[in-house]
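K.L.:
Input structure: start-v1.cif, which contains mmCIF, C-alpha atoms.
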```cif
data_upload
#
loop_
_atom_site.label_atom_id
_atom_site.label_comp_id
_atom_site.auth_asym_id
_atom_site.auth_seq_id
_atom_site.Cartn_x
_atom_site.Cartn_y
_atom_site.Cartn_z
CA MET Q 1 -53.57 33.96 -63.50
CA ASN Q 2 -56.74 32.39 -62.28
CA ARG Q 3 -58.84 33.61 -59.38
CA LYS Q 4 -57.24 31.37 -56.77
CA GLN Q 5 -53.78 32.55 -57.69
CA LYS Q 6 -54.88 36.19 -57.58
CA ASN Q 7 -56.28 35.69 -54.09
CA LYS Q 8 -53.08 34.10 -52.87
CA LEU Q 9 -51.01 36.92 -54.29
CA ALA Q 10 -53.27 39.45 -52.57
CA ILE Q 11 -52.83 37.65 -49.24
CA ILE Q 12 -49.04 37.64 -49.60
CA ILE Q 13 -48.94 41.33 -50.48
CA SER Q 14 -51.17 42.27 -47.55
CA ILE Q 15 -49.02 40.21 -45.17
CA ILE Q 16 -45.95 42.13 -46.32
CA ILE Q 17 -47.70 45.52 -46.02
CA ILE Q 18 -49.11 44.86 -42.55
CA LEU Q 19 -45.82 43.46 -41.27
CA SER Q 20 -43.80 46.36 -42.62
CA ILE Q 21 -46.14 48.87 -40.99
CA ALA Q 22 -45.87 47.02 -37.67
CA ILE Q 23 -42.09 46.75 -37.84
CA GLY Q 24 -41.82 50.33 -39.04
CA LEU Q 25 -43.72 51.54 -35.97
CA VAL Q 26 -41.58 49.45 -33.62
CA LEU Q 27 -38.37 50.74 -35.16
CA TYR Q 28 -39.66 54.32 -35.01
CA ALA Q 29 -40.48 53.93 -31.32
CA LEU Q 30 -37.03 52.50 -30.65
CA LYS Q 31 -35.23 55.14 -32.73
CA GLN Q 32 -33.19 56.54 -29.85
CA ASN Q 33 -32.05 53.08 -28.78
CA ILE Q 34 -31.02 52.04 -32.28
CA ASN Q 35 -28.96 55.17 -32.84
CA LEU Q 36 -25.39 54.26 -32.04
CA PHE Q 37 -24.31 57.62 -30.66
CA TYR Q 38 -25.41 61.09 -29.60
CA THR Q 39 -24.33 64.03 -31.69
CA PRO Q 40 -22.85 66.89 -29.61
CA THR Q 41 -26.15 68.80 -29.95
CA GLN Q 42 -28.18 65.81 -28.75
CA LEU Q 43 -25.77 65.14 -25.89
CA VAL Q 44 -25.84 68.74 -24.64
CA ASN Q 45 -29.64 68.70 -24.71
CA THR Q 46 -29.93 65.30 -23.01
CA LYS Q 47 -29.40 65.08 -19.30
CA VAL Q 48 -26.82 62.37 -18.68
CA SER Q 49 -25.26 61.75 -15.29
CA PRO Q 50 -21.47 62.24 -15.12
CA ASN Q 51 -21.03 58.56 -14.25
CA GLN Q 52 -22.99 57.25 -17.21
CA ASN Q 53 -21.13 55.81 -20.18
CA VAL Q 54 -22.43 57.31 -23.43
CA ARG Q 55 -21.38 57.29 -27.07
CA LEU Q 56 -20.63 60.57 -28.77
CA GLY Q 57 -20.16 60.95 -32.53
CA GLY Q 58 -19.12 63.87 -34.69
CA TYR Q 59 -16.34 65.42 -36.71
CA VAL Q 60 -12.90 66.24 -35.34
CA GLU Q 61 -12.55 69.98 -35.77
CA LYS Q 62 -9.65 71.12 -37.93
CA HIS Q 63 -6.53 72.32 -36.04
CA SER Q 64 -8.01 71.21 -32.71
CA VAL Q 65 -5.93 68.06 -32.08
CA HIS Q 66 -3.27 68.46 -29.39
CA TYR Q 67 -1.02 65.72 -28.07
CA ASP Q 68 0.49 66.08 -24.62
CA ALA Q 69 4.26 65.89 -24.02
CA SER Q 70 4.27 62.11 -23.52
CA GLY Q 71 2.29 61.60 -26.74
CA GLU Q 72 -0.12 59.22 -25.03
CA SER Q 73 -2.92 61.62 -24.23
CA VAL Q 74 -4.72 63.61 -26.83
CA SER Q 75 -7.33 66.34 -26.75
CA PHE Q 76 -9.49 67.58 -29.58
CA ILE Q 77 -12.84 69.20 -30.30
CA VAL Q 78 -15.74 67.22 -31.73
CA SER Q 79 -18.53 69.12 -33.47
CA ASP Q 80 -21.64 68.64 -35.55
CA GLN Q 81 -21.78 72.18 -37.04
CA PHE Q 82 -24.11 73.41 -34.28
CA HIS Q 83 -22.37 72.40 -31.07
CA SER Q 84 -18.84 71.36 -30.23
CA LEU Q 85 -17.48 69.52 -27.22
CA PRO Q 86 -13.89 69.22 -25.99
CA VAL Q 87 -12.69 65.61 -25.72
CA SER Q 88 -9.74 64.15 -23.86
CA TYR Q 89 -8.49 60.63 -24.47
CA HIS Q 90 -5.65 58.48 -23.21
CA GLY Q 91 -4.73 55.55 -25.45
CA VAL Q 92 -4.11 54.37 -28.99
CA LEU Q 93 -6.00 56.07 -31.80
CA PRO Q 94 -7.19 54.14 -34.89
CA SER Q 95 -5.19 54.77 -38.04
CA LEU Q 96 -8.04 56.63 -39.75
CA PHE Q 97 -8.23 59.24 -36.96
CA ARG Q 98 -7.77 62.57 -38.79
CA GLU Q 99 -8.80 66.16 -38.41
CA GLY Q 100 -12.02 66.73 -40.34
CA GLN Q 101 -12.96 63.01 -40.19
CA GLY Q 102 -15.77 61.40 -38.22
CA VAL Q 103 -15.21 59.71 -34.87
CA VAL Q 104 -17.40 57.72 -32.48
CA MET Q 105 -16.31 57.66 -28.84
CA THR Q 106 -17.41 55.93 -25.67
CA GLY Q 107 -16.92 57.87 -22.47
CA LYS Q 108 -18.38 60.15 -19.82
CA LEU Q 109 -19.49 63.75 -19.98
CA ASN Q 110 -18.52 65.73 -16.86
CA SER Q 111 -20.41 68.66 -15.41
CA GLN Q 112 -18.20 71.16 -17.26
CA ASN Q 113 -19.36 69.61 -20.56
CA GLN Q 114 -16.00 67.99 -21.17
CA PHE Q 115 -16.01 64.50 -22.63
CA ASN Q 116 -13.56 61.93 -21.26
CA ALA Q 117 -13.31 59.17 -23.85
CA SER Q 118 -12.30 55.64 -22.95
CA GLU Q 119 -12.52 54.38 -26.55
CA VAL Q 120 -12.19 56.21 -29.85
CA LEU Q 121 -13.34 54.65 -33.14
CA ALA Q 122 -12.88 56.25 -36.55
CA LYS Q 123 -15.89 56.57 -38.84
CA HIS Q 124 -14.83 56.75 -42.46
CA ASP Q 125 -16.97 58.13 -45.23
CA GLU Q 126 -18.27 56.46 -48.36
CA LYS Q 127 -15.87 58.26 -50.69
CA TYR Q 128 -13.02 56.35 -52.25
CA MET Q 129 -10.41 58.02 -54.43
CA PRO Q 130 -6.72 57.83 -55.25
CA PRO Q 131 -4.42 60.26 -53.37
CA VAL Q 132 -3.66 62.28 -56.52
CA LEU Q 133 -7.34 63.04 -57.04
CA ALA Q 134 -7.78 63.92 -53.36
CA LYS Q 135 -4.92 66.43 -53.59
CA GLU Q 136 -6.46 67.96 -56.68
CA LEU Q 137 -9.84 68.32 -54.98
CA ASN Q 138 -8.18 69.89 -51.94
CA LYS Q 139 -6.46 72.48 -54.10
CA GLN Q 140 -9.72 73.38 -55.79
CA SER Q 141 -11.59 73.83 -52.54
CA GLU Q 142 -8.77 75.98 -51.13
CA LYS Q 143 -8.88 78.20 -54.20
CA LYS Q 144 -12.61 78.65 -53.78
CA SER Q 145 -12.35 79.63 -50.15
CA MET J 1 2.45 46.84 -59.24
CA ASN J 2 2.45 47.49 -55.53
CA ASN J 3 4.19 45.25 -53.03
CA PHE J 4 2.54 42.44 -51.13
CA SER J 5 2.71 44.11 -47.73
CA MET J 6 -0.19 46.36 -48.83
CA GLY J 7 1.23 49.34 -46.97
CA GLY J 8 0.99 47.63 -43.58
CA TYR J 9 -2.52 46.29 -44.19
CA GLY J 10 -1.22 43.04 -45.72
CA TYR J 11 -2.47 40.72 -42.98
CA TYR J 12 -5.95 42.16 -43.16
CA VAL J 13 -6.23 42.35 -46.95
CA TRP J 14 -4.76 38.93 -47.69
CA SER J 15 -6.75 37.16 -45.00
CA ALA J 16 -9.98 38.74 -46.31
CA TYR J 17 -9.19 37.48 -49.83
CA PHE J 18 -8.09 34.09 -48.54
CA ILE J 19 -11.35 33.61 -46.62
CA THR J 20 -13.28 34.66 -49.73
CA LEU J 21 -11.57 31.98 -51.83
CA PHE J 22 -12.22 29.45 -49.08
CA VAL J 23 -15.94 30.28 -49.05
CA PHE J 24 -16.09 30.02 -52.84
CA GLY J 25 -14.38 26.63 -52.73
CA ILE J 26 -16.55 25.22 -49.98
CA ASN J 27 -19.64 26.34 -51.90
CA LEU J 28 -18.61 24.83 -55.22
CA PHE J 29 -16.72 21.57 -54.85
CA PRO J 30 -18.99 19.62 -52.46
CA ILE J 31 -21.78 19.92 -55.05
CA PHE J 32 -19.94 17.51 -57.34
CA PHE J 33 -19.43 14.95 -54.56
CA GLU J 34 -23.09 15.35 -53.70
CA LYS J 35 -24.01 14.56 -57.29
CA ILE J 36 -22.05 11.28 -57.17
CA LYS J 37 -23.76 10.40 -53.90
CA ILE J 38 -27.23 11.21 -55.22
CA LYS J 39 -26.71 9.15 -58.38
CA LYS J 40 -25.68 6.22 -56.18
CA ILE J 41 -28.81 6.62 -54.06
CA ILE J 42 -31.00 6.66 -57.17
CA ARG J 43 -29.25 3.62 -58.64
CA GLU J 44 -29.86 1.65 -55.43
CA HIS J 45 -33.44 2.86 -55.33
CA LEU J 46 -34.07 1.69 -58.89
CA LEU J 47 -32.45 -1.66 -58.18
CA LYS J 48 -34.71 -2.20 -55.18
CA LYS J 49 -37.76 -1.24 -57.23
CA ARG J 50 -36.93 -3.84 -59.86
CA LEU J 51 -36.54 -6.66 -57.33
CA MET R 1 -47.81 31.55 -72.85
CA TRP R 2 -47.77 30.42 -69.25
CA HIS R 3 -48.31 26.85 -70.30
CA TRP R 4 -45.52 27.11 -72.87
CA LEU R 5 -43.11 28.52 -70.27
CA ASN R 6 -44.06 25.76 -67.90
CA GLN R 7 -43.42 23.07 -70.48
CA LYS R 8 -40.26 24.57 -71.86
CA PHE R 9 -38.38 25.67 -68.75
CA LEU R 10 -40.19 25.10 -65.50
CA ALA R 11 -40.96 21.38 -65.74
CA PRO R 12 -38.18 19.60 -63.81
CA LYS R 13 -37.17 17.49 -66.79
CA SER R 14 -36.76 20.38 -69.23
CA PHE R 15 -35.15 22.54 -66.56
CA TYR R 16 -32.58 19.81 -66.03
CA ALA R 17 -31.83 19.62 -69.76
CA ASN R 18 -31.79 23.39 -70.40
CA SER R 19 -29.70 24.30 -67.38
CA ALA R 20 -26.95 21.97 -68.65
CA LYS R 21 -26.60 24.17 -71.73
CA LEU R 22 -26.49 27.35 -69.64
CA ILE R 23 -23.92 26.28 -67.06
CA PRO R 24 -20.74 26.43 -69.20
CA TRP R 25 -21.53 30.01 -70.26
CA ILE R 26 -22.18 31.14 -66.71
CA ALA R 27 -18.96 29.44 -65.60
CA LEU R 28 -17.02 31.20 -68.35
CA ALA R 29 -18.50 34.61 -67.54
CA PHE R 30 -17.75 34.04 -63.86
CA ALA R 31 -14.14 33.07 -64.56
CA LEU R 32 -13.62 36.20 -66.66
CA CYS R 33 -15.22 38.63 -64.18
CA PHE R 34 -13.59 37.02 -61.15
CA SER R 35 -10.06 36.89 -62.55
CA TYR R 36 -10.24 40.47 -63.79
CA GLY R 37 -11.81 41.68 -60.54
CA LEU R 38 -9.28 39.90 -58.33
CA PHE R 39 -6.27 41.10 -60.29
CA ALA R 40 -7.45 44.66 -60.86
CA GLY R 41 -8.72 45.02 -57.30
CA LEU R 42 -5.48 43.86 -55.76
CA PHE R 43 -2.90 45.29 -58.13
CA ILE R 44 -4.26 47.80 -60.65
CA ALA R 45 -6.70 49.99 -58.69
CA PRO R 46 -4.90 52.87 -56.97
CA ALA R 47 -4.66 52.97 -53.18
CA ASP R 48 -7.22 55.11 -51.35
CA TYR R 49 -6.27 58.61 -50.15
CA GLN R 50 -7.37 57.82 -46.58
CA GLN R 51 -7.27 54.06 -46.20
CA GLY R 52 -4.25 53.22 -48.36
CA ASP R 53 -4.18 49.62 -49.56
CA GLY R 54 -6.50 48.54 -46.74
CA PHE R 55 -9.47 49.70 -48.79
CA ARG R 56 -8.93 46.74 -51.18
CA ILE R 57 -11.09 44.68 -48.82
CA ILE R 58 -13.99 46.57 -50.43
CA TYR R 59 -13.63 44.28 -53.47
CA VAL R 60 -14.69 41.23 -51.48
CA HIS R 61 -16.79 42.89 -48.77
CA VAL R 62 -19.24 44.94 -50.85
CA PRO R 63 -19.91 42.16 -53.43
CA SER R 64 -20.51 39.57 -50.71
CA ALA R 65 -22.89 41.86 -48.80
CA PHE R 66 -24.71 42.79 -52.02
CA THR R 67 -24.97 39.15 -53.10
CA ALA R 68 -26.15 38.03 -49.66
CA MET R 69 -29.06 40.46 -49.93
CA ALA R 70 -29.72 39.65 -53.61
CA ILE R 71 -29.92 35.94 -52.74
CA TYR R 72 -32.49 36.58 -50.03
CA PHE R 73 -34.52 38.67 -52.47
CA SER R 74 -34.38 35.89 -55.06
CA MET R 75 -35.54 33.45 -52.36
CA ALA R 76 -38.59 35.66 -51.76
CA VAL R 77 -39.32 35.70 -55.51
CA PHE R 78 -39.00 31.90 -55.62
CA ALA R 79 -41.31 31.78 -52.61
CA VAL R 80 -44.03 33.73 -54.43
CA PHE R 81 -43.80 31.36 -57.39
CA THR R 82 -43.95 28.43 -54.98
CA LEU R 83 -47.02 29.64 -53.11
CA VAL R 84 -48.98 31.24 -55.92
CA PHE R 85 -48.12 29.25 -59.03
CA ARG R 86 -46.96 25.96 -57.46
CA VAL R 87 -43.85 25.90 -59.63
CA LYS R 88 -41.81 22.88 -58.52
CA VAL R 89 -38.42 24.20 -59.55
CA ALA R 90 -39.08 27.48 -57.71
CA ALA R 91 -39.38 25.60 -54.42
CA ILE R 92 -36.15 23.75 -55.21
CA GLY R 93 -34.42 27.02 -56.12
CA MET R 94 -35.55 28.58 -52.86
CA SER R 95 -34.21 25.73 -50.72
CA CYS R 96 -30.92 25.60 -52.59
CA SER R 97 -30.39 29.37 -52.28
CA ALA R 98 -30.48 29.40 -48.48
CA LYS R 99 -27.11 27.74 -47.90
CA ILE R 100 -25.34 29.91 -50.48
CA GLY R 101 -26.94 33.02 -48.99
CA ALA R 102 -25.87 32.08 -45.47
CA TRP R 103 -22.27 31.61 -46.63
CA PHE R 104 -22.21 34.99 -48.37
CA THR R 105 -23.71 36.73 -45.36
CA PHE R 106 -21.04 35.10 -43.21
CA LEU R 107 -18.41 36.28 -45.69
CA ALA R 108 -19.78 39.84 -45.61
CA LEU R 109 -19.63 39.89 -41.81
CA ILE R 110 -16.12 38.41 -41.64
CA THR R 111 -14.59 40.64 -44.32
CA GLY R 112 -16.34 43.65 -42.78
CA SER R 113 -14.88 42.73 -39.42
CA ILE R 114 -11.39 42.41 -40.92
CA TRP R 115 -11.88 45.84 -42.45
CA GLY R 116 -13.25 47.34 -39.27
CA LYS R 117 -10.32 46.43 -37.05
CA PRO R 118 -7.65 48.53 -38.79
CA MET R 119 -9.97 51.30 -40.03
CA TRP R 120 -12.47 51.87 -37.24
CA GLY R 121 -10.45 50.38 -34.40
CA THR R 122 -12.85 47.54 -33.56
CA TRP R 123 -13.83 44.12 -34.95
CA TRP R 124 -17.48 44.53 -34.10
CA ILE R 125 -19.96 47.15 -32.91
CA TRP R 126 -23.69 46.81 -32.36
CA ASP R 127 -24.72 49.50 -34.79
CA ALA R 128 -27.85 49.25 -36.94
CA ARG R 129 -26.08 48.08 -40.12
CA LEU R 130 -24.02 45.31 -38.53
CA THR R 131 -26.91 44.12 -36.38
CA SER R 132 -29.37 43.98 -39.29
CA VAL R 133 -26.91 41.96 -41.39
CA LEU R 134 -26.44 39.58 -38.46
CA ILE R 135 -30.25 39.23 -38.41
CA LEU R 136 -30.06 38.34 -42.12
CA LEU R 137 -27.65 35.52 -41.23
CA PHE R 138 -30.09 34.30 -38.55
CA LEU R 139 -32.94 34.46 -41.07
CA TYR R 140 -30.96 32.14 -43.33
CA PHE R 141 -30.22 29.82 -40.38
CA GLY R 142 -33.88 29.93 -39.38
CA PHE R 143 -34.97 29.05 -42.91
CA ILE R 144 -32.55 26.10 -43.10
CA ALA R 145 -33.57 24.87 -39.64
CA LEU R 146 -37.29 25.21 -40.43
CA GLN R 147 -36.99 23.23 -43.63
CA SER R 148 -34.87 20.53 -42.02
CA VAL R 149 -37.42 19.68 -39.32
CA ILE R 150 -40.45 19.32 -41.62
CA PRO R 151 -40.62 15.81 -43.13
CA ASN R 152 -43.42 16.41 -45.63
CA GLN R 153 -42.14 17.91 -48.88
CA GLN R 154 -45.14 20.10 -49.63
CA THR R 155 -45.44 21.47 -46.09
CA ARG R 156 -41.70 22.12 -46.09
CA ASP R 157 -41.90 24.12 -49.31
CA ARG R 158 -44.85 26.22 -48.12
CA ALA R 159 -43.52 26.92 -44.63
CA GLY R 160 -40.15 27.89 -46.06
CA ALA R 161 -41.78 30.13 -48.65
CA LEU R 162 -43.81 31.95 -46.02
CA MET R 163 -40.72 32.52 -43.90
CA ALA R 164 -38.73 33.78 -46.91
CA ILE R 165 -41.47 36.28 -47.74
CA VAL R 166 -41.80 37.57 -44.19
CA GLY R 167 -38.03 37.97 -43.81
CA VAL R 168 -37.75 40.10 -46.93
CA ILE R 169 -38.73 43.11 -44.78
CA ASN R 170 -35.21 42.99 -43.34
CA LEU R 171 -33.70 43.94 -46.71
CA PRO R 172 -34.82 47.59 -46.82
CA ILE R 173 -33.89 47.84 -43.14
CA ILE R 174 -30.33 46.73 -43.97
CA HIS R 175 -30.08 49.10 -46.91
CA TYR R 176 -31.47 52.18 -45.17
CA SER R 177 -30.02 51.47 -41.72
CA VAL R 178 -27.07 53.79 -42.40
CA ILE R 179 -29.46 56.58 -43.42
CA TRP R 180 -32.26 56.21 -40.87
CA TRP R 181 -30.02 55.86 -37.84
CA ASN R 182 -26.57 57.08 -37.02
CA THR R 183 -24.11 54.23 -37.28
CA LEU R 184 -20.38 53.61 -37.33
CA HIS R 185 -20.76 52.03 -40.75
CA GLN R 186 -20.48 54.56 -43.57
CA GLY R 187 -23.25 55.42 -46.00
CA PRO R 188 -23.76 53.61 -49.32
CA THR R 189 -21.06 54.17 -51.95
CA LEU R 190 -23.09 52.75 -54.80
CA SER R 191 -26.59 54.09 -54.96
CA LYS R 192 -29.02 53.62 -57.79
CA PHE R 193 -30.02 57.26 -57.93
CA ALA R 194 -26.73 59.06 -57.53
CA LYS R 195 -23.29 59.15 -59.05
CA PRO R 196 -21.13 56.68 -57.12
CA SER R 197 -18.73 58.38 -54.70
CA ILE R 198 -15.80 56.29 -55.86
CA ALA R 199 -13.18 57.07 -58.52
CA PRO R 200 -13.74 55.23 -61.85
CA ALA R 201 -10.40 53.36 -61.67
CA MET R 202 -11.54 51.89 -58.35
CA LEU R 203 -15.13 51.37 -59.50
CA TYR R 204 -14.61 49.00 -62.46
CA PRO R 205 -12.97 46.18 -60.46
CA LEU R 206 -15.77 46.55 -57.90
CA LEU R 207 -18.47 46.18 -60.56
CA ALA R 208 -16.62 43.18 -62.03
CA MET R 209 -16.47 41.56 -58.59
CA ILE R 210 -20.19 42.18 -57.96
CA ALA R 211 -20.95 40.54 -61.33
CA ALA R 212 -18.61 37.66 -60.47
CA PHE R 213 -20.29 37.03 -57.10
CA LEU R 214 -23.77 37.09 -58.67
CA LEU R 215 -22.62 34.73 -61.44
CA PHE R 216 -21.13 32.42 -58.82
CA TYR R 217 -24.50 32.36 -57.08
CA ALA R 218 -26.24 31.52 -60.38
CA LEU R 219 -23.70 28.80 -61.13
CA THR R 220 -23.82 27.04 -57.77
CA LEU R 221 -27.59 27.49 -57.60
CA LEU R 222 -28.11 25.68 -60.91
CA LEU R 223 -25.69 22.90 -59.94
CA ARG R 224 -27.40 22.41 -56.58
CA MET R 225 -30.87 22.55 -58.14
CA ARG R 226 -29.94 19.85 -60.65
CA ASN R 227 -28.92 17.57 -57.80
CA GLN R 228 -32.15 18.19 -55.92
CA ILE R 229 -34.27 17.73 -59.05
CA LEU R 230 -32.80 14.25 -59.56
CA LEU R 231 -33.53 13.38 -55.95
CA ARG R 232 -37.10 14.68 -56.02
CA GLU R 233 -37.92 13.06 -59.36
CA ILE R 234 -36.41 9.77 -58.26
CA ASN R 235 -39.51 7.84 -59.34
CA SER R 236 -39.91 9.39 -62.77
CA GLN R 237 -39.05 7.63 -66.00
CA TRP R 238 -36.60 10.24 -67.30
CA VAL R 239 -34.41 10.04 -64.22
CA ALA R 240 -34.23 6.25 -64.54
CA GLU R 241 -33.22 6.60 -68.20
CA LEU R 242 -30.65 9.23 -67.32
CA ILE R 243 -29.05 7.06 -64.66
CA HIS R 244 -28.85 4.00 -66.87
CA GLU R 245 -27.18 5.87 -69.69
#
```
Before anything else, please render the file you have as structure tokens.
P.N.:
Amino acid sequence: MNRKQKNKLAIIISIIIILSIAIGLVLYALKQNINLFYTPTQLVNTKVSPNQNVRLGGYVEKHSVHYDASGESVSFIVSDQFHSLPVSYHGVLPSLFREGQGVVMTGKLNSQNQFNASEVLAKHDEKYMPPVLAKELNKQSEKKS
Amino acid sequence: MNNFSMGGYGYYVWSAYFITLFVFGINLFPIFFEKIKIKKIIREHLLKKRL
Amino acid sequence: MWHWLNQKFLAPKSFYANSAKLIPWIALAFALCFSYGLFAGLFIAPADYQQGDGFRIIYVHVPSAFTAMAIYFSMAVFAVFTLVFRVKVAAIGMSCSAKIGAWFTFLALITGSIWGKPMWGTWWIWDARLTSVLILLFLYFGFIALQSVIPNQQTRDRAGALMAIVGVINLPIIHYSVIWWNTLHQGPTLSKFAKPSIAPAMLYPLLAMIAAFLLFYALTLLLRMRNQILLREINSQWVAELIHE
């Protein structure tokens, strides 16, 4: 590489560094807006008005899902290990809705800290395995506990 | 071998694969037609240059 | 060494001749990987414990998303060679990559959407991952639009190269979006530093498909570049000889 080429390369690298710092700062400042949902802990600590639509995300607590007599309304508890919130929802659930799985909901939090969801989306994890293996893993974890 | 209904997800799975094949096709085959066209352009260009 | 490389591979004429020898092998490797990946992904890999057979969309979604990002990265590498070393074929490679990259980004978004509807319950959500991939598609569109409005070849190459380099910042944002922010999209399954969280029987077709998509990019890139080389070297002696053969 001759001198001219070295200079050009240095300019390109500094452009990339300066731009990434600038964009990094912008994204950091906008962090709360880019986050898709509040976790239960964040939602409890944030003051939201009962009429405001917010997104809540967390795990459906095991053995907390209850369907009403008509089967159209469902209630369950969403938690993030530190806080949990009761959720009620009227409508169709996505097929991946399970106890112990992640969900993201849109709805309103009332003054009694109950969440009325108008939309429930399932968040699946990055693990893929055949059912036989999943059963095996389940057995092992039950033995341990 | 499993069946083609894909356990109720058939419409989703097959349409995803179908669109994939479509994108592959539309990316590959027009290149050959383009080559014919470009060779024709060059031929005409060379002819003009000679005149 | 640099001079030798330039003469042997990077001069348009020798690139045209050498790429012709390479293409059949790439095509063969692609055909092998793609046919195995398609068949194994659809019929041999076991169904997922949560998503059943619906998870098979992974075999077209993940490779197209990966390839879309890899193509943008390769465009940035071509851009550096264009700006710093003035390599002619690098500028051609950069221009030819943009269309392929845009198609693969489109494919990643569409297949992701088809996956999202049955699994999440929605076709689209404005979370950080989906939005940043949409921005990648707009970067490709922006690149194509920028190059199409500049008439002068050299200006077009340089402006495009600068845009490709600036846009490369979006790639780490796409990759880390699921870690930095909370999103509906799940975290990465394949990570360089960790054991993949996918069973081996499901992993091999996925790796074959990723290889197939990358090989398809290489194949169509070379074919497109050869066309463009002919057009750009329209006044050179070797092109005239080639046409009259």
K.L.:
Any chance you could resolve the PyMOL selection byres ((chain R) within 8 of (chain J)) against this file and give the residues as a PyMOL selection string?
P.N.:
chain R and resi 43-44+52-54+56-57+60+100+103-104+107+110-111+114-115+118+220+223-224+227+230-231+234+240+243
K.L.:
Write a file of the just-selected residues containing C-alpha atoms, as a compact mmCIF listing (two decimals), keeping the file's coordinate frame.
P.N.:
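Heads up, here's the output in out03.txt:
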```txt
# COMPACT_ATOMS: atom_id res chain seq x y z
CA PHE R 43 -2.90 45.29 -58.13
CA ILE R 44 -4.26 47.80 -60.65
CA GLY R 52 -4.25 53.22 -48.36
CA ASP R 53 -4.18 49.62 -49.56
CA GLY R 54 -6.50 48.54 -46.74
CA ARG R 56 -8.93 46.74 -51.18
CA ILE R 57 -11.09 44.68 -48.82
CA VAL R 60 -14.69 41.23 -51.48
CA ILE R 100 -25.34 29.91 -50.48
CA TRP R 103 -22.27 31.61 -46.63
CA PHE R 104 -22.21 34.99 -48.37
CA LEU R 107 -18.41 36.28 -45.69
CA ILE R 110 -16.12 38.41 -41.64
CA THR R 111 -14.59 40.64 -44.32
CA ILE R 114 -11.39 42.41 -40.92
CA TRP R 115 -11.88 45.84 -42.45
CA PRO R 118 -7.65 48.53 -38.79
CA THR R 220 -23.82 27.04 -57.77
CA LEU R 223 -25.69 22.90 -59.94
CA ARG R 224 -27.40 22.41 -56.58
CA ASN R 227 -28.92 17.57 -57.80
CA LEU R 230 -32.80 14.25 -59.56
CA LEU R 231 -33.53 13.38 -55.95
CA ILE R 234 -36.41 9.77 -58.26
CA ALA R 240 -34.23 6.25 -64.54
CA ILE R 243 -29.05 7.06 -64.66
```
K.L.:
Let me make sure I understand: among R:Ala65, R:Ala91, R:Leu10, R:Val166, which one has the smallest atom-to-atom distance to Ile23 in chain Q if we use only C-alpha atoms?
P.N.:
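For Ile23 in chain Q, the nearest of the candidates is R:Val166.
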K.L.:
So that I can see what lies close to range 26-39 of chain Q, please list as JSON, numbers by chain the residues with an atom at most 10 Å from it, counting all atoms listed in the file and leaving out residues fewer than 2 positions away in the same chain.
P.N.:
{"Q": [20, 21, 22, 23, 24, 41, 42, 43, 44, 45, 46, 54, 55, 56, 57, 58, 59, 78, 79, 80, 82, 83, 84, 85, 104, 105, 106], "R": [125, 126, 127, 128, 131, 173, 177, 178, 180, 181, 182, 183, 184]}
K.L.:
Show me, as a ChimeraX atom specification, every residue of chain R with an atom at most 8 Å from chain Q, counting all atoms listed in the file.
P.N.:
/R:46-51,80,83-85,118-122,126-128,165-166,169,181-189,197-199,202
K.L.:
May I ask for the distance between CA of Phe76 in chain Q and CA of Val60 in chain Q, given in Å to one decimal place?
P.N.:
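Value for the CA of Phe76 in chain Q-CA of Val60 in chain Q distance: 6.8 Å.
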K.L.:
What separation in Å, quoted to one decimal, exists between CA of Ser236 in chain R and CA of Arg50 in chain J?
P.N.:
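Going from CA of Ser236 in chain R over to CA of Arg50 in chain J, I get 13.9 Å.
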K.L.:
Take CA of Ile210 in chain R and CA of Lys99 in chain R and report the distance between them in Å, one decimal.
P.N.:
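Between CA of Ile210 in chain R and CA of Lys99 in chain R the gap works out to 18.9 Å.
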K.L.:
On this structure, which residues satisfy the PyMOL selection byres ((chain R and resi 211) around 9), written as a PDB file with C-alpha atoms, keeping the file's coordinate frame?
P.N.:
```pdb
ATOM      1  CA  ALA R  29     -18.500  34.610 -67.540  1.00  0.00           C
ATOM      2  CA  PHE R  30     -17.750  34.040 -63.860  1.00  0.00           C
ATOM      3  CA  CYS R  33     -15.220  38.630 -64.180  1.00  0.00           C
ATOM      4  CA  PHE R  34     -13.590  37.020 -61.150  1.00  0.00           C
ATOM      5  CA  PRO R  63     -19.910  42.160 -53.430  1.00  0.00           C
ATOM      6  CA  LEU R 206     -15.770  46.550 -57.900  1.00  0.00           C
ATOM      7  CA  LEU R 207     -18.470  46.180 -60.560  1.00  0.00           C
ATOM      8  CA  ALA R 208     -16.620  43.180 -62.030  1.00  0.00           C
ATOM      9  CA  MET R 209     -16.470  41.560 -58.590  1.00  0.00           C
ATOM     10  CA  ILE R 210     -20.190  42.180 -57.960  1.00  0.00           C
ATOM     11  CA  ALA R 212     -18.610  37.660 -60.470  1.00  0.00           C
ATOM     12  CA  PHE R 213     -20.290  37.030 -57.100  1.00  0.00           C
ATOM     13  CA  LEU R 214     -23.770  37.090 -58.670  1.00  0.00           C
ATOM     14  CA  LEU R 215     -22.620  34.730 -61.440  1.00  0.00           C
ATOM     15  CA  PHE R 216     -21.130  32.420 -58.820  1.00  0.00           C
TER      16      PHE R 216
END
```
K.L.:
Once the PyMOL selection byres ((chain Q and resi 71) around 12) has been applied to the shown file, what residues remain in the selection, as number ranges by chain?
P.N.:
Q: 65-70, 72-75, 89-93
